[in-house]
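What follows is one structure encoded as structure tokens, with my remarks underneath.
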Amino acid sequence: MKFLLLKTILPVFITIAVSLSATKPTFAGDPAIGKMIWDEQPCKTCHGVEGIPIFPGVPSFIRGDRMDKADGILLVSIMNGTAFMPPFKGIISNSDGLDLIAFVRTLQK
């Protein structure tokens with residue numbers, strides 16, 4: 001009886017969980033706080049106000065450039081800098097960085 005119950009109910013729970021997770025993206029950070037950080041920091045200078053880059057070679061967040069990367073990878077880039085981007089370690093916290101990443105992920109069209 002227990003096996004039959006699990007066999008019947010478990011797929012229903014899995015289906016519900018998958019459909020709920022597909023309806024709203026989840027972020028490690030808070031996009032609203034990330035927007036405030038985006039506005040306070042010089043991100044827009046290169047990445048543009050709406051995620052459309054100002055300079056060649058800068059990721060276009062509206063196109064989803066680098067959005068295939070995990071939050072941890074993006075956080076390392078933000079904190080340590082890249083060949084073109086300065087480091088923000090000591091300027092923003094890791095938590096702020098995750099909020100910023102959450103916001104940037106909302107820019108993709």
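In the structure tokens, chains take the letters A, B, ... in the order shown, each chain's residues start at 1, and ligands count up from 1 in the order shown.
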
For this session: Name all residues at most 8 Å from stretch 71-83 of chain A (count only C-alpha atoms; drop same-chain ones fewer than 3 positions away) and give them as number ranges by chain.
Result: A: 28, 86-89, 94, 97-98, 101

For this session: May I have the residues within 12 Å of A:Pro53 as a list in words, using only C-alpha atoms and disregarding those fewer than 6 positions away in the same chain?
Result: Cys43, Lys44, Thr45, Cys46, His47, Pro59, Ser60, Phe61, Ile62, Arg63, Gly64 and Asp65 of chain A

Take the residues that were just selected and, keeping N, CA and C atoms, output them as a short mmCIF file (atom, residue, chain, number, x, y, z; two decimals), in the first residue's frame.
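Saved file result_1.cif follows:
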data_model
loop_
_atom_site.label_atom_id
_atom_site.label_comp_id
_atom_site.auth_asym_id
_atom_site.auth_seq_id
_atom_site.Cartn_x
_atom_site.Cartn_y
_atom_site.Cartn_z
N CYS A 43 28.76 50.57 -13.11
CA CYS A 43 28.47 49.49 -14.05
C CYS A 43 27.98 50.01 -15.40
N LYS A 44 27.09 51.01 -15.33
CA LYS A 44 26.46 51.54 -16.54
C LYS A 44 27.46 52.20 -17.48
N THR A 45 28.59 52.63 -16.95
CA THR A 45 29.61 53.30 -17.76
C THR A 45 30.04 52.42 -18.93
N CYS A 46 30.16 51.12 -18.70
CA CYS A 46 30.57 50.19 -19.76
C CYS A 46 29.43 49.32 -20.25
N HIS A 47 28.59 48.87 -19.30
CA HIS A 47 27.53 47.92 -19.65
C HIS A 47 26.25 48.59 -20.11
N PRO A 59 30.37 42.54 -22.33
CA PRO A 59 29.19 41.67 -22.43
C PRO A 59 27.88 42.46 -22.52
N SER A 60 27.01 42.00 -23.39
CA SER A 60 25.67 42.58 -23.54
C SER A 60 24.72 41.77 -22.68
N PHE A 61 24.29 42.36 -21.60
CA PHE A 61 23.39 41.63 -20.70
C PHE A 61 21.99 41.51 -21.29
N ILE A 62 21.61 42.43 -22.15
CA ILE A 62 20.30 42.33 -22.79
C ILE A 62 20.25 41.13 -23.74
N ARG A 63 21.41 40.77 -24.31
CA ARG A 63 21.51 39.58 -25.17
C ARG A 63 21.74 38.32 -24.36
N GLY A 64 22.08 38.49 -23.08
CA GLY A 64 22.32 37.33 -22.23
C GLY A 64 23.77 36.87 -22.23
N ASP A 65 24.69 37.72 -22.72
CA ASP A 65 26.10 37.34 -22.69
C ASP A 65 26.52 37.00 -21.27
#

Exercise. Of the candidates A:Glu50, A:Leu100, A:Arg66, A:Phe55, which one gets nearest to A:Phe27 if we count only C-alpha atoms?
Worked result: A:Leu100

For this session: Using DSSP on the backbone coordinates, identify all residues within stretch 74-109 of chain A classified as alpha helix (DSSP H); present the result as a ChimeraX atom specification.
Result: /A:74-80,94-106

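Taking atom CA of A:Asp30 and atom CA of A:Pro56 as endpoints, the distance between them is 28.8 Å.
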